[in-house]
file protein09.txt (compact mmCIF, C-alpha atoms (C1' of nucleotides))
# COMPACT_ATOMS: atom_id res chain seq x y z
CA MET A 1120 3.72 7.39 -21.45
CA ILE A 1121 1.85 7.11 -18.19
CA ILE A 1122 3.23 3.61 -17.91
CA LEU A 1123 6.70 4.86 -18.72
CA GLU A 1124 6.73 7.40 -15.95
CA GLY A 1125 4.97 4.96 -13.65
CA HIS A 1126 7.72 2.52 -14.37
CA ARG A 1127 10.38 5.04 -13.54
CA GLN A 1128 8.55 5.99 -10.38
CA LEU A 1129 8.06 2.42 -9.24
CA ALA A 1130 11.70 1.60 -9.88
CA GLU A 1131 12.69 4.60 -7.81
CA VAL A 1132 10.51 4.45 -4.73
CA GLY A 1133 9.29 0.85 -4.67
CA PHE A 1134 5.87 -0.69 -4.41
CA ALA A 1135 5.00 0.53 -0.95
CA ARG A 1136 5.67 4.19 -1.65
CA PHE A 1137 4.35 4.25 -5.17
CA SER A 1138 1.69 6.88 -5.75
CA ALA A 1139 -0.49 7.31 -8.80
CA ARG A 1140 -0.92 10.95 -7.91
CA GLU A 1141 2.81 11.50 -7.99
CA VAL A 1142 3.01 9.87 -11.41
CA ALA A 1143 0.31 12.20 -12.71
CA LYS A 1144 2.07 15.21 -11.29
CA ARG A 1145 5.39 14.31 -12.86
CA ILE A 1146 4.04 14.04 -16.37
CA GLY A 1147 1.88 17.12 -15.94
CA TYR A 1148 -1.44 15.29 -15.90
CA SER A 1149 -4.15 15.59 -13.31
CA ILE A 1150 -5.20 12.63 -11.20
CA GLY A 1151 -8.50 12.47 -12.99
CA THR A 1152 -6.91 11.75 -16.34
CA LEU A 1153 -4.94 8.91 -14.93
CA TYR A 1154 -8.06 7.39 -13.50
CA ASN A 1155 -9.97 7.85 -16.75
CA VAL A 1156 -7.33 5.79 -18.48
CA PHE A 1157 -6.64 3.08 -15.94
CA GLY A 1158 -9.74 3.12 -13.80
CA THR A 1159 -7.92 1.97 -10.72
CA HIS A 1160 -4.63 1.85 -8.91
CA ASP A 1161 -4.49 -1.91 -9.34
CA ARG A 1162 -4.83 -1.78 -13.09
CA LEU A 1163 -2.08 0.80 -13.36
CA ILE A 1164 0.31 -1.35 -11.41
CA LEU A 1165 -0.77 -4.37 -13.39
CA ALA A 1166 0.19 -2.60 -16.61
CA ILE A 1167 3.51 -1.46 -15.19
CA ASN A 1168 4.31 -4.93 -13.95
CA THR A 1169 3.49 -6.49 -17.28
CA ARG A 1170 5.94 -4.09 -18.83
CA THR A 1171 8.52 -5.23 -16.32
CA PHE A 1172 7.93 -8.79 -17.53
CA GLU A 1173 8.64 -7.66 -21.08
CA LEU A 1174 11.94 -6.12 -20.04
CA TRP A 1175 12.76 -9.23 -18.09
CA VAL A 1176 12.13 -11.43 -21.10
CA ASP A 1177 14.32 -9.18 -23.22
CA HIS A 1178 17.01 -9.38 -20.58
CA LEU A 1179 16.97 -13.18 -20.76
CA ARG A 1180 16.76 -13.33 -24.56
CA VAL A 1181 19.79 -11.12 -25.03
CA ARG A 1182 21.81 -13.33 -22.73
CA LEU A 1183 20.61 -16.58 -24.23
CA ASP A 1184 21.33 -15.37 -27.76
CA SER A 1185 24.93 -14.65 -26.94
CA ALA A 1186 25.36 -17.66 -24.70
CA GLU A 1187 27.98 -20.18 -25.53
CA GLY A 1188 27.71 -23.48 -23.83
CA ASP A 1189 25.93 -23.43 -20.50
CA ARG A 1190 22.47 -22.11 -21.28
CA ILE A 1191 20.99 -23.27 -17.98
CA ARG A 1192 23.51 -21.23 -16.06
CA THR A 1193 22.76 -18.30 -18.33
CA LEU A 1194 19.10 -18.62 -17.49
CA VAL A 1195 19.61 -18.75 -13.74
CA GLU A 1196 22.09 -15.90 -13.76
CA GLY A 1197 19.79 -13.87 -16.00
CA TYR A 1198 16.92 -14.40 -13.60
CA PHE A 1199 19.00 -13.10 -10.73
CA SER A 1200 20.74 -10.28 -12.55
CA PHE A 1201 17.48 -8.75 -13.70
CA ALA A 1202 16.12 -8.86 -10.20
CA ARG A 1203 19.28 -7.37 -8.76
CA GLU A 1204 19.46 -4.61 -11.33
CA ASN A 1205 15.78 -3.74 -10.89
CA PRO A 1206 14.97 -4.73 -7.34
CA ASN A 1207 11.95 -2.48 -6.88
CA LEU A 1208 10.43 -3.42 -10.21
CA TRP A 1209 11.06 -7.09 -9.68
CA MET A 1210 9.69 -7.14 -6.17
CA ALA A 1211 6.64 -5.14 -7.21
CA ILE A 1212 5.61 -8.01 -9.45
CA TYR A 1213 5.19 -10.19 -6.41
CA ASP A 1214 4.17 -7.48 -3.96
CA HIS A 1215 1.11 -6.72 -5.98
CA ARG A 1216 -1.88 -8.80 -4.98
CA LEU A 1217 -5.10 -8.44 -6.89
CA PRO A 1218 -8.21 -8.05 -4.73
CA PRO A 1219 -10.13 -11.31 -4.45
CA GLY A 1220 -12.37 -11.89 -7.41
CA VAL A 1221 -10.35 -9.74 -9.77
CA THR A 1222 -8.42 -11.73 -12.33
CA ILE A 1223 -5.48 -10.72 -14.44
CA PRO A 1224 -6.49 -9.84 -18.06
CA PRO A 1225 -5.65 -12.51 -20.66
CA GLU A 1226 -3.44 -10.14 -22.58
CA ASP A 1227 -1.20 -9.60 -19.57
CA GLN A 1228 -1.26 -13.31 -18.84
CA ALA A 1229 0.09 -14.00 -22.30
CA VAL A 1230 2.98 -11.59 -21.90
CA ARG A 1231 3.88 -13.00 -18.52
CA GLY A 1232 3.64 -16.56 -19.74
CA VAL A 1233 6.46 -16.02 -22.21
CA LEU A 1234 9.03 -16.22 -19.45
CA THR A 1235 7.94 -19.71 -18.53
CA GLU A 1236 7.92 -20.71 -22.18
CA ILE A 1237 11.53 -19.69 -22.53
CA VAL A 1238 12.53 -21.76 -19.55
CA THR A 1239 10.47 -24.72 -20.74
CA ARG A 1240 12.21 -24.66 -24.11
CA GLU A 1241 15.66 -24.71 -22.53
CA VAL A 1242 14.73 -27.44 -20.11
CA ALA A 1243 13.30 -29.55 -22.92
CA ALA A 1244 16.48 -29.09 -24.93
CA VAL A 1245 18.52 -30.52 -22.10
CA LEU A 1246 16.32 -33.50 -21.36
CA PRO A 1247 16.73 -36.77 -23.25
CA GLU A 1248 13.98 -37.72 -25.65
CA PRO A 1249 11.99 -40.07 -23.38
CA ALA A 1250 11.73 -37.50 -20.58
CA ARG A 1251 10.85 -34.57 -22.77
CA ASP A 1252 7.16 -34.67 -21.87
CA ASP A 1253 8.08 -33.79 -18.33
CA ALA A 1254 9.69 -30.54 -19.43
CA PRO A 1255 6.77 -28.16 -18.73
CA ARG A 1256 6.18 -29.46 -15.24
CA LEU A 1257 9.86 -29.59 -14.40
CA ALA A 1258 10.39 -26.14 -15.87
CA ARG A 1259 7.82 -24.45 -13.67
CA SER A 1260 9.20 -26.25 -10.68
CA LEU A 1261 12.68 -25.02 -11.45
CA VAL A 1262 11.39 -21.50 -11.96
CA ALA A 1263 9.85 -21.75 -8.50
CA THR A 1264 13.12 -23.03 -7.11
CA VAL A 1265 15.13 -20.18 -8.57
CA HIS A 1266 12.43 -17.74 -7.59
CA GLY A 1267 12.65 -18.80 -3.98
CA HIS A 1268 16.40 -18.33 -3.94
CA CYS A 1269 16.11 -14.98 -5.67
CA THR A 1270 13.49 -13.80 -3.20
CA PHE A 1271 15.65 -14.68 -0.22
CA ALA A 1272 18.63 -13.02 -1.88
CA LEU A 1273 16.81 -9.74 -2.42
CA ASN A 1274 14.80 -9.51 0.78
CA GLY A 1275 17.76 -10.16 3.03
CA THR A 1276 16.76 -13.57 4.32
CA PHE A 1277 19.89 -15.18 2.92
CA ALA A 1278 22.04 -12.42 4.33
CA LEU A 1279 20.60 -13.09 7.79
CA MET A 1280 21.37 -16.76 7.35
CA GLY A 1281 24.95 -16.02 6.37
CA GLU A 1282 24.52 -17.12 2.80
CA THR A 1283 26.68 -15.18 0.36
CA GLU A 1284 26.31 -17.01 -2.95
CA PRO A 1285 22.63 -17.50 -3.67
CA VAL A 1286 23.09 -17.85 -7.42
CA GLU A 1287 25.43 -20.79 -7.08
CA LEU A 1288 23.09 -22.29 -4.54
CA ALA A 1289 20.13 -22.04 -6.89
CA LEU A 1290 22.13 -23.35 -9.80
CA ALA A 1291 23.23 -26.36 -7.78
CA ARG A 1292 19.61 -27.25 -7.03
CA VAL A 1293 18.62 -26.84 -10.67
CA ARG A 1294 21.49 -29.04 -11.80
CA GLU A 1295 20.55 -31.77 -9.37
CA SER A 1296 16.97 -31.82 -10.57
CA LEU A 1297 17.97 -31.87 -14.21
CA SER A 1298 20.40 -34.73 -13.56
CA ALA A 1299 17.70 -36.67 -11.79
CA ALA A 1300 15.33 -36.11 -14.71
CA MET A 1301 17.91 -37.42 -17.15
CA LEU A 1302 18.39 -40.67 -15.33
CA SER A 1303 14.74 -41.57 -15.23
CA MET B 25 -3.22 -7.40 23.15
CA ILE B 26 -2.57 -4.84 20.44
CA ILE B 27 -0.58 -7.52 18.65
CA LEU B 28 -3.37 -10.00 19.15
CA GLU B 29 -5.99 -7.82 17.55
CA GLY B 30 -3.50 -6.73 14.91
CA HIS B 31 -2.92 -10.35 14.13
CA ARG B 32 -6.62 -11.00 13.77
CA GLN B 33 -6.99 -7.93 11.59
CA LEU B 34 -4.05 -8.80 9.36
CA ALA B 35 -5.32 -12.34 8.92
CA GLU B 36 -8.70 -10.98 7.94
CA VAL B 37 -7.95 -8.18 5.50
CA GLY B 38 -4.40 -8.87 4.38
CA PHE B 39 -1.30 -6.76 4.28
CA ALA B 40 -2.49 -4.21 1.72
CA ARG B 41 -5.67 -3.29 3.57
CA PHE B 42 -4.27 -3.49 7.06
CA SER B 43 -4.77 -0.32 9.08
CA ALA B 44 -3.29 0.55 12.44
CA ARG B 45 -6.17 2.94 13.03
CA GLU B 46 -8.66 0.15 12.56
CA VAL B 47 -6.79 -2.02 15.05
CA ALA B 48 -6.89 0.77 17.60
CA LYS B 49 -10.59 1.29 17.04
CA ARG B 50 -11.40 -2.39 17.51
CA ILE B 51 -9.72 -2.69 20.89
CA GLY B 52 -11.08 0.65 22.01
CA TYR B 53 -7.77 2.48 21.98
CA SER B 54 -7.01 5.74 20.29
CA ILE B 55 -4.45 5.99 17.51
CA GLY B 56 -2.12 7.91 19.73
CA THR B 57 -1.77 5.08 22.22
CA LEU B 58 -0.88 2.67 19.51
CA TYR B 59 1.83 4.98 18.30
CA ASN B 60 3.16 5.53 21.78
CA VAL B 61 3.67 1.81 22.09
CA PHE B 62 4.96 0.88 18.66
CA GLY B 63 6.24 4.17 17.34
CA THR B 64 5.53 3.30 13.75
CA HIS B 65 3.44 1.25 11.41
CA ASP B 66 6.47 -0.78 10.39
CA ARG B 67 7.30 -1.83 13.91
CA LEU B 68 3.74 -2.90 14.54
CA ILE B 69 3.73 -5.13 11.50
CA LEU B 70 7.16 -6.41 12.43
CA ALA B 71 5.84 -7.51 15.79
CA ILE B 72 2.78 -9.13 14.26
CA ASN B 73 4.89 -10.96 11.71
CA THR B 74 7.26 -12.24 14.35
CA ARG B 75 4.25 -13.64 16.13
CA THR B 76 3.24 -15.35 12.92
CA PHE B 77 6.66 -16.97 12.86
CA GLU B 78 6.06 -18.31 16.35
CA LEU B 79 2.77 -19.86 15.29
CA TRP B 80 4.43 -21.27 12.22
CA VAL B 81 7.16 -22.91 14.31
CA ASP B 82 4.52 -24.39 16.61
CA HIS B 83 2.66 -25.68 13.59
CA LEU B 84 5.77 -27.49 12.39
CA ARG B 85 6.75 -28.77 15.82
CA VAL B 86 3.38 -30.33 16.45
CA ARG B 87 3.58 -32.18 13.16
CA LEU B 88 7.15 -33.27 13.60
CA ASP B 89 6.47 -34.56 17.09
CA SER B 90 3.72 -36.83 15.89
CA ALA B 91 5.44 -37.77 12.67
CA GLU B 92 6.17 -41.38 12.01
CA GLY B 93 8.66 -42.06 9.32
CA ASP B 94 8.94 -39.42 6.66
CA ARG B 95 9.96 -36.28 8.52
CA ILE B 96 11.08 -34.46 5.40
CA ARG B 97 7.64 -34.82 3.89
CA THR B 98 6.15 -33.67 7.16
CA LEU B 99 8.30 -30.58 7.02
CA VAL B 100 7.37 -29.68 3.45
CA GLU B 101 3.70 -30.33 4.01
CA GLY B 102 3.80 -28.36 7.24
CA TYR B 103 5.37 -25.41 5.45
CA PHE B 104 2.59 -25.43 2.90
CA SER B 105 -0.29 -26.16 5.21
CA PHE B 106 0.53 -23.25 7.48
CA ALA B 107 0.69 -20.91 4.51
CA ARG B 108 -2.58 -22.24 3.14
CA GLU B 109 -4.38 -22.04 6.45
CA ASN B 110 -3.12 -18.49 7.08
CA PRO B 111 -2.56 -17.02 3.64
CA ASN B 112 -2.77 -13.38 4.66
CA LEU B 113 -0.51 -13.80 7.64
CA TRP B 114 2.00 -15.85 5.70
CA MET B 115 2.10 -13.48 2.76
CA ALA B 116 2.40 -10.48 5.05
CA ILE B 117 5.74 -11.80 6.25
CA TYR B 118 7.13 -11.40 2.78
CA ASP B 119 5.04 -8.41 1.72
CA HIS B 120 6.54 -6.34 4.46
CA ARG B 121 9.68 -4.54 3.37
CA LEU B 122 11.58 -2.47 5.91
CA PRO B 123 12.57 0.99 4.71
CA PRO B 124 16.21 1.08 3.62
CA GLY B 125 18.53 1.52 6.56
CA VAL B 126 16.14 0.06 9.09
CA THR B 127 17.15 -3.36 10.33
CA ILE B 128 15.11 -5.99 12.03
CA PRO B 129 15.69 -6.10 15.81
CA PRO B 130 17.88 -8.98 17.04
CA GLU B 131 15.11 -10.34 19.22
CA ASP B 132 12.83 -10.78 16.22
CA GLN B 133 15.70 -12.22 14.23
CA ALA B 134 16.18 -14.88 16.85
CA VAL B 135 12.56 -15.93 16.80
CA ARG B 136 12.52 -16.10 13.03
CA GLY B 137 15.75 -18.02 12.87
CA VAL B 138 14.23 -20.92 14.78
CA LEU B 139 12.41 -22.07 11.68
CA THR B 140 15.63 -22.51 9.77
CA GLU B 141 17.18 -24.28 12.73
CA ILE B 142 14.41 -26.82 12.72
CA VAL B 143 14.92 -27.53 9.06
CA THR B 144 18.69 -27.70 9.47
CA ARG B 145 18.33 -30.29 12.21
CA GLU B 146 16.13 -32.50 10.08
CA VAL B 147 18.36 -32.18 7.06
CA ALA B 148 21.42 -33.05 9.14
CA ALA B 149 19.66 -36.11 10.50
CA VAL B 150 19.09 -37.41 7.00
CA LEU B 151 22.58 -36.78 5.68
CA PRO B 152 25.37 -39.32 6.14
CA GLU B 153 28.15 -38.43 8.53
CA PRO B 154 30.70 -37.11 5.99
CA ALA B 155 28.22 -34.68 4.41
CA ARG B 156 26.81 -33.38 7.66
CA ASP B 157 28.76 -30.15 7.54
CA ASP B 158 26.83 -29.16 4.45
CA ALA B 159 23.53 -29.34 6.32
CA PRO B 160 23.14 -25.61 7.14
CA ARG B 161 23.80 -24.48 3.61
CA LEU B 162 21.69 -27.20 2.06
CA ALA B 163 18.91 -26.53 4.54
CA ARG B 164 18.55 -22.87 3.69
CA SER B 165 18.63 -23.74 0.02
CA LEU B 166 15.83 -26.23 0.49
CA VAL B 167 13.83 -23.72 2.47
CA ALA B 168 14.23 -21.34 -0.46
CA THR B 169 13.12 -24.06 -2.84
CA VAL B 170 10.01 -24.87 -0.88
CA HIS B 171 9.37 -21.20 -0.33
CA GLY B 172 9.37 -20.58 -4.07
CA HIS B 173 6.89 -23.35 -4.66
CA CYS B 174 4.70 -22.16 -1.81
CA THR B 175 4.73 -18.60 -3.12
CA PHE B 176 3.65 -19.67 -6.57
CA ALA B 177 0.96 -21.87 -5.05
CA LEU B 178 -0.55 -19.07 -3.01
CA ASN B 179 -0.26 -16.19 -5.44
CA GLY B 180 -1.84 -18.04 -8.31
CA THR B 181 1.21 -18.38 -10.53
CA PHE B 182 1.02 -22.18 -10.46
CA ALA B 183 -2.68 -22.10 -11.19
CA LEU B 184 -2.03 -19.98 -14.28
CA MET B 185 0.59 -22.49 -15.36
CA GLY B 186 -1.83 -25.37 -14.91
CA GLU B 187 0.02 -26.84 -11.97
CA THR B 188 -2.27 -28.55 -9.48
CA GLU B 189 0.08 -30.32 -7.07
CA PRO B 190 2.69 -27.85 -5.84
CA VAL B 191 3.46 -29.74 -2.65
CA GLU B 192 4.43 -32.89 -4.50
CA LEU B 193 6.44 -30.80 -6.90
CA ALA B 194 8.37 -29.16 -4.08
CA LEU B 195 8.87 -32.43 -2.31
CA ALA B 196 10.28 -34.01 -5.46
CA ARG B 197 12.89 -31.24 -5.74
CA VAL B 198 13.83 -31.58 -2.10
CA ARG B 199 14.21 -35.33 -2.43
CA GLU B 200 16.44 -34.99 -5.45
CA SER B 201 18.74 -32.58 -3.66
CA LEU B 202 18.94 -34.73 -0.57
CA SER B 203 19.74 -37.78 -2.68
CA ALA B 204 22.46 -35.88 -4.46
CA ALA B 205 23.93 -34.79 -1.13
CA MET B 206 24.01 -38.37 0.11
CA LEU B 207 26.00 -39.61 -2.85
CA SER B 208 28.73 -37.03 -2.55
C1' DT C 320 -16.17 26.01 -42.86
C1' DT C 321 -19.02 24.93 -39.37
C1' DA C 322 -21.99 22.11 -36.23
C1' DA C 323 -22.31 18.00 -33.67
C1' DA C 324 -20.50 14.05 -31.51
C1' DA C 325 -16.91 11.66 -29.33
C1' DT C 326 -12.78 11.70 -26.75
C1' DA C 327 -9.57 13.56 -23.37
C1' DA C 328 -8.43 16.17 -19.49
C1' DT C 329 -9.59 18.68 -15.36
C1' DA C 330 -9.72 19.65 -10.32
C1' DG C 331 -12.61 19.65 -6.36
C1' DA C 332 -14.65 16.62 -2.88
C1' DC C 333 -14.68 12.48 0.09
C1' DA C 334 -13.18 9.10 3.09
C1' DG C 335 -9.40 6.99 4.48
C1' DT C 336 -4.31 6.58 5.84
C1' DG C 337 0.34 7.13 8.88
C1' DT C 338 2.36 10.26 11.93
C1' DT C 339 3.13 13.94 15.44
C1' DC C 340 2.43 16.14 19.80
C1' DA C 341 0.60 19.07 23.42
C1' DT C 342 -2.72 17.78 26.63
C1' DT C 343 -5.34 15.06 29.81
C1' DT C 344 -6.23 10.96 32.52
C1' DT C 345 -4.80 7.19 35.21
C1' DT C 346 -1.73 4.70 38.15
C1' DA C 347 1.82 4.10 41.55
C1' DT C 348 4.73 5.94 45.14
C1' DG C 349 6.36 8.78 49.02
C1' DC D 355 -3.19 12.79 50.41
C1' DA D 356 0.00 15.00 47.12
C1' DT D 357 3.23 14.22 43.79
C1' DA D 358 5.82 12.02 40.28
C1' DA D 359 5.69 8.67 36.53
C1' DA D 360 3.22 6.22 33.08
C1' DA D 361 -0.51 5.66 29.90
C1' DA D 362 -3.87 7.29 26.94
C1' DT D 363 -6.01 10.89 24.25
C1' DG D 364 -7.65 13.16 19.88
C1' DA D 365 -7.06 17.15 16.99
C1' DA D 366 -4.06 18.49 13.21
C1' DC D 367 -1.14 17.61 9.05
C1' DA D 368 0.03 15.93 4.79
C1' DC D 369 -0.72 12.37 2.26
C1' DT D 370 -3.41 8.52 -0.37
C1' DG D 371 -7.06 6.21 -3.91
C1' DT D 372 -11.39 7.05 -5.87
C1' DC D 373 -15.43 9.36 -7.76
C1' DT D 374 -17.61 13.04 -10.21
C1' DA D 375 -19.61 16.84 -12.81
C1' DT D 376 -17.43 20.05 -15.66
C1' DT D 377 -14.60 21.88 -19.23
C1' DA D 378 -11.36 21.39 -23.47
C1' DT D 379 -10.01 19.34 -27.26
C1' DT D 380 -10.15 16.57 -31.23
C1' DT D 381 -12.58 14.04 -34.75
C1' DT D 382 -16.29 13.43 -37.84
C1' DA D 383 -20.17 14.95 -40.97
C1' DA D 384 -22.82 18.07 -43.37
call {"tool": "encode", "arguments": {"input": "protein09.txt", "output": "structure tokens"}}
result
Amino acid sequence: MIILEGHRQLAEVGFARFSAREVAKRIGYSIGTLYNVFGTHDRLILAINTRTFELWVDHLRVRLDSAEGDRIRTLVEGYFSFARENPNLWMAIYDHRLPPGVTIPPEDQAVRGVLTEIVTREVAAVLPEPARDDAPRLARSLVATVHGHCTFALNGTFALMGETEPVELALARVRESLSAAMLS
Amino acid sequence: MIILEGHRQLAEVGFARFSAREVAKRIGYSIGTLYNVFGTHDRLILAINTRTFELWVDHLRVRLDSAEGDRIRTLVEGYFSFARENPNLWMAIYDHRLPPGVTIPPEDQAVRGVLTEIVTREVAAVLPEPARDDAPRLARSLVATVHGHCTFALNGTFALMGETEPVELALARVRESLSAAMLS
DNA sequence: TTAAAATAATAGACAGTGTTCATTTTTATG
DNA sequence: CATAAAAATGAACACTGTCTATTATTTTAA
């Protein structure tokens, strides 16, 4: 419930203006309660962001399940569409930097890892048998590629450069890399 | 001078813990002065980040000037090495989100655009004559690609995935896209 | 049912932040 | 010098995350 309202709040005002106090106020709790439960601002955001990952995975799964034909395109477009539909939530994932020394709890890691697993599976399905071992490494590289394009699309960098079709751009790069992997 | 100390401060503590008050204190100014000059926290960070871009461009230029042979590799490695040597400064560029409605001043835009110009030039030099018109678009796509890999390298995503050689990974993707562009 | 233990929730206090602004100090100019 | 322009000040405001001793509530046992 705290996470739910936190999620709403984060989606609304964005990472920079997010306030744990405001979240507490909105659900009628006092700040103390919130800190008894989460201990720290960082852990609250961590929990909210992990929830965002869950929604993101759902978003992709729904699209993949009803995809006919081009599953790679579905994946790339799903990556972008989630980010575009939830810009503040999506950006918050990458805006949030844990203080040095603090590591992300294994449970959250597991949830977040699912996204990569999905991509890895689709990449493996496209690769020919002999190249299939390369799927995990190629998959994370392609995620990084799409991520870079998505970042520039959302933060305005592409707009400044005059780029108007970032999704197609990202997809072209992914296609090229997959083709190259097939030939080797 | 304010920017200089701000730069030092940002490099030291990172975007999240950066404080304009602390900067003022360190150079013996009062907060008021700092706000007379920059007007707002955002504009101070904007100025610092633009300076980071200048250093980044220098970093790349130095390496390109003394590069023998593989200039594309030099570019990719230079992108990464600057980020690695100045993680807080580099991340701050992308951590900083202007409030909606506020746009980045043209002067800063110009400085920041130089980086893309450098990449575009090198990409154009590698492409065959008939494909040279595609250089700008391909260049910004490759910057996005490398950016994604660099982001995941610095924020720990690649480490969680078990990836240990992000630079080579990024370079492989860039090579594939350049090869594809040559054949078309 | 009642007493004790465990859990949940509270709100005040603290140190820090960005921002504003009337005031003072410094510098440059006639 | 005296005056006008520029630069610098720091108190005040409304916030923030975090800690804490205190109070309420719920669960458990007798």
call {"tool": "residues_around", "arguments": {"input": "protein09.txt", "residues": "range 323-332 of chain C", "least_positions_apart": "4", "cutoff": "12 Å", "atoms": "all atoms listed in the file", "output": "NGL selection string"}}
result
(:A and (1143 or 1147-1156)) or (:D and (372-384))
call {"tool": "closest_atom_pairs", "arguments": {"input": "protein09.txt", "of": "chain B", "to": "chain A", "cutoff": "6 Å", "atoms": "all atoms listed in the file", "output": "JSON lines"}}
result
{"residue": "B:Asp119", "atom": "CA", "partner": "A:Asp1214", "partner_atom": "CA", "distance": 5.8}
{"residue": "B:Ala168", "atom": "CA", "partner": "A:Gly1267", "partner_atom": "CA", "distance": 4.6}
{"residue": "B:Thr169", "atom": "CA", "partner": "A:Thr1264", "partner_atom": "CA", "distance": 4.4}
{"residue": "B:His171", "atom": "CA", "partner": "A:Gly1267", "partner_atom": "CA", "distance": 5.5}
{"residue": "B:Gly172", "atom": "CA", "partner": "A:Gly1267", "partner_atom": "CA", "distance": 3.7}
{"residue": "B:His173", "atom": "CA", "partner": "A:Ala1263", "partner_atom": "CA", "distance": 5.1}
call {"tool": "residues_around", "arguments": {"input": "protein09.txt", "residues": "Ile69 in chain B", "least_positions_apart": "3", "cutoff": "12 Å", "atoms": "all atoms listed in the file", "output": "VMD selection string"}}
result
chain B and resid 26 to 31 33 to 35 38 to 40 42 to 44 47 62 to 66 72 to 76 113 116 to 122 128 132
call {"tool": "residues_around", "arguments": {"input": "protein09.txt", "residues": "DT345 in chain C", "least_positions_apart": "4", "cutoff": "10 Å", "atoms": "all atoms listed in the file", "output": "PyMOL selection string"}}
result
chain D and resi 360-362
call {"tool": "interface_residues", "arguments": {"input": "protein09.txt", "of": "chain C", "to": "chain B", "cutoff": "12 Å", "atoms": "all atoms listed in the file", "output": "list of chain:residue names"}}
result
C:DG335, C:DT336, C:DG337, C:DT338, C:DT339, C:DC340
call {"tool": "atom_distance", "arguments": {"input": "protein09.txt", "atom1": "CA of Asp82 in chain B", "atom2": "CA of Glu192 in chain B"}}
result
22.8 Å
call {"tool": "decode", "arguments": {"input": "protein09.txt", "residues": "range 369-380 of chain D", "atoms": "C-alpha atoms (C1' of nucleotides)", "output": "PDB file, in the first residue's frame"}}
result
ATOM      1  C1'  DC D 369      10.868  21.968   2.453  1.00  0.00           C
ATOM      2  C1'  DT D 370      13.656  17.373   2.855  1.00  0.00           C
ATOM      3  C1'  DG D 371      15.523  12.594   5.056  1.00  0.00           C
ATOM      4  C1'  DT D 372      16.470  10.595   9.344  1.00  0.00           C
ATOM      5  C1'  DC D 373      16.335   9.424  14.228  1.00  0.00           C
ATOM      6  C1'  DT D 374      13.945   8.757  18.488  1.00  0.00           C
ATOM      7  C1'  DA D 375      11.307   8.048  22.707  1.00  0.00           C
ATOM      8  C1'  DT D 376       6.548   7.551  23.258  1.00  0.00           C
ATOM      9  C1'  DT D 377       1.983   5.867  22.624  1.00  0.00           C
ATOM     10  C1'  DA D 378      -1.618   2.554  20.444  1.00  0.00           C
ATOM     11  C1'  DT D 379      -2.901  -1.462  18.822  1.00  0.00           C
ATOM     12  C1'  DT D 380      -2.937  -6.238  18.023  1.00  0.00           C
TER      13       DT D 380
END
